[in-house]
>>> print(open('query_31.tsv').read())   # TSV, C-alpha atoms
chain	number	residue	atom	x	y	z
H	83	MET	CA	0.00	0.00	0.00
H	84	ARG	CA	1.31	3.43	-0.88
H	85	ILE	CA	0.44	6.49	1.21
H	86	ALA	CA	-1.80	8.92	-0.66
H	87	GLU	CA	-3.24	12.36	0.02
H	88	VAL	CA	-6.97	12.86	-0.61
H	89	ILE	CA	-7.55	15.92	-2.79
H	90	GLY	CA	-11.22	15.53	-3.66
H	91	ARG	CA	-14.28	13.36	-4.12
H	92	LEU	CA	-15.84	11.90	-7.26
H	93	THR	CA	-19.57	11.28	-7.66
H	94	THR	CA	-21.02	9.05	-10.40
H	95	SER	CA	-24.57	8.93	-11.76
H	96	LYS	CA	-24.18	5.72	-13.79
H	97	LEU	CA	-22.11	2.94	-12.25
H	98	HIS	CA	-21.23	-0.74	-12.55
H	99	PRO	CA	-24.17	-2.61	-10.93
H	100	SER	CA	-21.90	-4.26	-8.32
H	101	LEU	CA	-21.00	-0.81	-6.98
H	102	LYS	CA	-24.43	0.64	-6.03
H	103	GLY	CA	-23.95	3.58	-3.67
H	104	ALA	CA	-20.15	3.45	-3.89
H	105	ARG	CA	-18.11	6.50	-2.89
H	106	PHE	CA	-14.87	7.54	-4.58
H	107	VAL	CA	-12.05	9.86	-3.55
H	108	ILE	CA	-9.33	11.37	-5.72
H	109	VAL	CA	-5.82	10.90	-4.29
H	110	LEU	CA	-2.20	11.69	-5.09
H	111	PRO	CA	0.46	9.17	-3.92
H	112	MET	CA	3.04	10.63	-1.52
H	113	THR	CA	6.65	10.59	-2.72
H	114	LEU	CA	9.67	10.11	-0.43
H	115	GLU	CA	10.44	13.85	-0.58
H	116	ALA	CA	6.81	14.69	0.20
H	117	LEU	CA	6.96	12.57	3.36
H	118	THR	CA	10.45	13.50	4.51
H	119	GLU	CA	10.96	17.06	3.24
H	120	ASN	CA	7.38	18.33	2.90
H	121	SER	CA	7.95	18.65	-0.84
H	122	PRO	CA	4.83	19.38	-2.88
H	123	ASN	CA	5.54	16.77	-5.55
H	124	ARG	CA	3.20	13.77	-5.68
H	125	GLY	CA	2.65	10.66	-7.77
H	126	GLU	CA	0.00	10.25	-10.45
H	127	GLU	CA	-3.66	10.74	-9.56
H	128	VAL	CA	-5.69	7.67	-8.61
H	129	ILE	CA	-9.47	7.27	-8.17
H	130	VAL	CA	-10.06	5.19	-5.06
H	131	PHE	CA	-13.08	3.23	-3.76
H	132	ASP	CA	-13.74	4.51	-0.24
H	133	LEU	CA	-15.92	2.99	2.49
H	134	LEU	CA	-14.14	4.77	5.35
H	135	GLY	CA	-15.31	8.31	4.62
H	136	ALA	CA	-11.97	9.94	3.80
H	137	SER	CA	-12.06	13.67	3.13
H	138	PRO	CA	-9.72	16.12	1.40
H	139	GLY	CA	-6.46	16.55	3.33
H	140	ASP	CA	-6.54	13.03	4.80
H	141	LEU	CA	-3.66	10.63	4.21
H	142	ILE	CA	-4.81	7.11	3.40
H	143	GLY	CA	-3.35	3.64	2.87
H	144	LEU	CA	-3.88	3.06	-0.84
H	145	SER	CA	-4.36	-0.60	-1.72
H	146	GLU	CA	-3.97	-1.29	-5.46
H	147	GLY	CA	-4.27	-4.14	-7.93
H	148	GLY	CA	-5.22	-7.60	-6.67
H	149	GLU	CA	-5.18	-6.56	-3.03
H	150	ALA	CA	-7.76	-3.85	-3.73
H	151	ALA	CA	-10.25	-6.56	-4.69
H	152	SER	CA	-9.50	-8.83	-1.70
H	153	PRO	CA	-12.07	-7.18	0.61
H	154	PHE	CA	-14.79	-8.18	-1.88
H	155	GLY	CA	-13.97	-11.87	-1.44
H	156	LYS	CA	-15.59	-14.01	-4.14
H	157	VAL	CA	-17.68	-11.10	-5.51
H	158	LYS	CA	-16.34	-10.06	-8.91
H	159	THR	CA	-15.56	-6.34	-8.85
H	160	PRO	CA	-13.87	-3.84	-11.16
H	161	ILE	CA	-12.26	-2.12	-8.14
H	162	ASP	CA	-8.46	-1.83	-8.47
H	163	ALA	CA	-7.82	0.93	-5.91
H	164	TYR	CA	-9.22	0.72	-2.38
H	165	ASN	CA	-8.91	2.93	0.72
H	166	ALA	CA	-7.59	0.46	3.31
H	167	CYS	CA	-7.08	2.93	6.18
H	168	ILE	CA	-7.18	6.60	7.09
H	169	LEU	CA	-3.88	7.51	8.75
H	170	ASP	CA	-4.11	9.37	12.08
H	171	GLN	CA	-0.45	10.19	12.45
H	172	ILE	CA	2.74	9.52	10.62
H	173	SER	CA	6.05	10.03	12.40
H	174	ILE	CA	9.01	10.29	10.08
Q	154	MET	CA	11.22	-10.13	-1.82
Q	155	GLN	CA	12.80	-6.72	-1.61
Q	156	LEU	CA	14.92	-4.67	0.76
Q	157	GLY	CA	13.61	-1.49	2.30
Q	158	ARG	CA	14.57	1.15	4.85
Q	159	VAL	CA	12.18	2.08	7.64
Q	160	ILE	CA	11.62	5.84	7.43
Q	161	GLY	CA	8.82	6.07	9.98
Q	162	THR	CA	5.69	4.61	11.50
Q	163	ALA	CA	1.99	5.27	10.97
Q	164	THR	CA	-1.06	4.90	13.16
Q	165	SER	CA	-4.65	4.46	12.00
Q	166	THR	CA	-7.95	4.16	13.83
Q	167	ILE	CA	-10.40	4.10	10.92
Q	168	LYS	CA	-9.23	1.11	8.91
Q	169	HIS	CA	-10.10	-2.22	7.39
Q	170	PRO	CA	-10.97	-4.61	10.25
Q	171	THR	CA	-8.11	-6.97	9.35
Q	172	PHE	CA	-5.63	-4.20	10.31
Q	173	GLN	CA	-6.78	-4.22	13.94
Q	174	GLY	CA	-3.81	-4.46	16.33
Q	175	GLU	CA	-1.21	-4.51	13.56
Q	176	ARG	CA	1.88	-2.29	13.51
Q	177	LEU	CA	2.37	-0.20	10.37
Q	178	LEU	CA	5.80	0.93	9.21
Q	179	ILE	CA	6.56	3.43	6.47
Q	180	VAL	CA	9.23	1.83	4.31
Q	181	GLN	CA	11.18	3.11	1.34
Q	182	LEU	CA	11.87	0.14	-0.91
Q	183	GLU	CA	15.50	0.06	-2.01
Q	184	GLY	CA	17.81	-1.92	-4.23
Q	185	THR	CA	20.71	-3.70	-2.53
Q	186	ASP	CA	22.75	-0.67	-3.61
Q	187	GLY	CA	20.52	1.47	-1.41
Q	188	ARG	CA	18.93	3.41	-4.29
Q	189	PRO	CA	15.24	4.24	-3.57
Q	190	ASP	CA	12.70	2.34	-5.69
Q	191	GLY	CA	9.25	3.88	-6.14
Q	192	GLU	CA	7.15	5.69	-3.54
Q	193	PRO	CA	7.30	4.69	0.16
Q	194	VAL	CA	4.91	1.93	1.21
Q	195	LEU	CA	3.06	0.93	4.37
Q	196	ALA	CA	4.28	-2.46	5.59
Q	197	PHE	CA	2.99	-4.67	8.38
Q	198	ASP	CA	5.64	-5.49	10.94
Q	199	ARG	CA	5.67	-8.14	13.64
Q	200	PHE	CA	9.46	-8.06	14.04
Q	201	GLY	CA	9.68	-4.75	15.90
Q	202	ALA	CA	11.78	-3.02	13.26
Q	203	GLY	CA	12.70	0.57	14.11
Q	204	ARG	CA	13.46	3.77	12.22
Q	205	ASP	CA	16.44	3.51	9.82
Q	206	ASP	CA	16.45	-0.30	10.10
Q	207	ARG	CA	16.80	-2.16	6.84
Q	208	VAL	CA	14.05	-4.74	6.44
Q	209	LEU	CA	13.39	-7.65	4.12
Q	210	LEU	CA	9.87	-7.26	2.70
Q	211	THR	CA	7.54	-9.59	0.87
Q	212	SER	CA	4.60	-8.57	-1.29
Q	213	ASP	CA	3.13	-12.05	-1.12
Q	214	GLY	CA	-0.49	-11.47	-0.10
Q	215	GLN	CA	-0.85	-15.11	0.97
Q	216	ILE	CA	1.22	-14.58	4.14
Q	217	LEU	CA	-0.85	-11.54	5.05
Q	218	ARG	CA	-4.12	-13.32	4.30
Q	219	GLU	CA	-3.03	-16.11	6.66
Q	220	GLN	CA	-1.91	-13.67	9.37
Q	221	LEU	CA	-4.57	-10.97	9.06
Q	222	GLY	CA	-7.49	-12.65	7.33
Q	223	ARG	CA	-8.65	-13.67	3.86
Q	224	LEU	CA	-10.14	-10.31	2.93
Q	225	THR	CA	-7.24	-8.07	3.88
Q	226	PRO	CA	-6.33	-5.31	1.40
Q	227	GLY	CA	-2.81	-5.20	2.83
Q	228	ARG	CA	0.21	-6.19	0.72
Q	229	TRP	CA	3.74	-5.59	1.99
Q	230	SER	CA	4.94	-7.17	5.22
Q	231	VAL	CA	8.30	-7.50	6.96
Q	232	MET	CA	9.56	-11.06	6.80
Q	233	GLY	CA	13.05	-10.50	8.21
Q	234	LEU	CA	15.70	-8.10	9.39
Q	235	PRO	CA	18.84	-8.51	7.26
Q	236	ASP	CA	22.23	-8.33	9.00
Q	237	ARG	CA	24.17	-5.12	8.53
Q	238	ASN	CA	27.25	-6.54	6.77
Q	239	GLN	CA	26.18	-7.72	3.33
Q	240	SER	CA	28.68	-8.18	0.50
>>> encode(input="query_31.tsv", output="structure tokens")
Amino acid sequence: MRIAEVIGRLTTSKLHPSLKGARFVIVLPMTLEALTENSPNRGEEVIVFDLLGASPGDLIGLSEGGEAASPFGKVKTPIDAYNACILDQISI
Amino acid sequence: MQLGRVIGTATSTIKHPTFQGERLLIVQLEGTDGRPDGEPVLAFDRFGAGRDDRVLLTSDGQILREQLGRLTPGRWSVMGLPDRNQS
């Protein structure tokens, strides 16, 4: 899981049937310099499935690829980016 | 597996239930030459690694699924602490 900063939310009117009522946040992955030197540069934007209620400014644990689908168990899902945790504190 | 350097720790209250009670490190993956590789990651640690420690990480989800639970969205975990003197 990479660490990512939430910069916004994304609403959808039409959606894959398996995702009724899903909520998405827009995040930017944190680079080493961002975490250690407060640099503004970030990784590429990712749209993330969010059940935890993250809001702009939060740092989250960004699960991607196969792991992002694990929480859905046997249910087939197109989700490839999942908010696994909202970080309270990071100490570098 | 891959080597990484612990650059910090992270705490989280609102999280996937399988993360309950687990310790999260912030690790910068590195080559054996010490060059950083990609963005830092959150890794589960049951070895008590500390800041600046080098750690041996695995991205095998199977270990995590066995330790944390089948539905865990976690990925990287510490599987060992390499000795300092490597050739």
>>> closest_residue(input="query_31.tsv", among="Q:Arg228, Q:Arg237, Q:Arg158, Q:Lys168", to="Ala196 of chain Q", atoms="all atoms listed in the file")
Q:Arg228
>>> interface_residues(input="query_31.tsv", of="chain H", to="chain Q", cutoff="7 Å", atoms="all atoms listed in the file", output="list in words")
Met83, Arg84, Ile85, Met112, Thr113, Leu114, Leu134, Ser145, Glu149, Ala150, Ser152, Pro153, Gly155, Ala166, Cys167, Ile168, Leu169, Asp170, Gln171, Ile172, Ser173 and Ile174 of chain H
>>> atom_distance(input="query_31.tsv", atom1="atom CA of Ala86 of chain H", atom2="atom CA of Phe131 of chain H")
13.0 Å
>>> atom_distance(input="query_31.tsv", atom1="atom CA of Leu210 of chain Q", atom2="atom CA of Gly184 of chain Q")
11.8 Å
>>> atom_distance(input="query_31.tsv", atom1="atom CA of Ala151 of chain H", atom2="atom CA of Met232 of chain Q")
23.3 Å
>>> axis_aligned_box(input="query_31.tsv", around="segment 175-194 of chain Q", padding_each_side="6 Å", output="AutoDock Vina command-line options")
--center_x 10.8 --center_y 0.6 --center_z 3.7 --size_x 36.0 --size_y 22.2 --size_z 31.7
>>> residues_around(input="query_31.tsv", residues="Thr94 of chain H", least_positions_apart="2", cutoff="10 Å", atoms="all atoms listed in the file", output="list in words")
Leu92, Lys96, Leu97, Gly103, Ala104, Arg105 and Phe106 of chain H
>>> residues_near_point(input="query_31.tsv", point="(15.9, -5.5, -6.9)", cutoff="8 Å", atoms="all atoms listed in the file", output="VMD selection string")
chain Q and resid 155 to 156 183 to 185
>>> closest_residue(input="query_31.tsv", among="H:Leu110, H:His98, H:Val88, H:Leu144", to="Thr159 of chain H", atoms="all atoms listed in the file")
H:His98
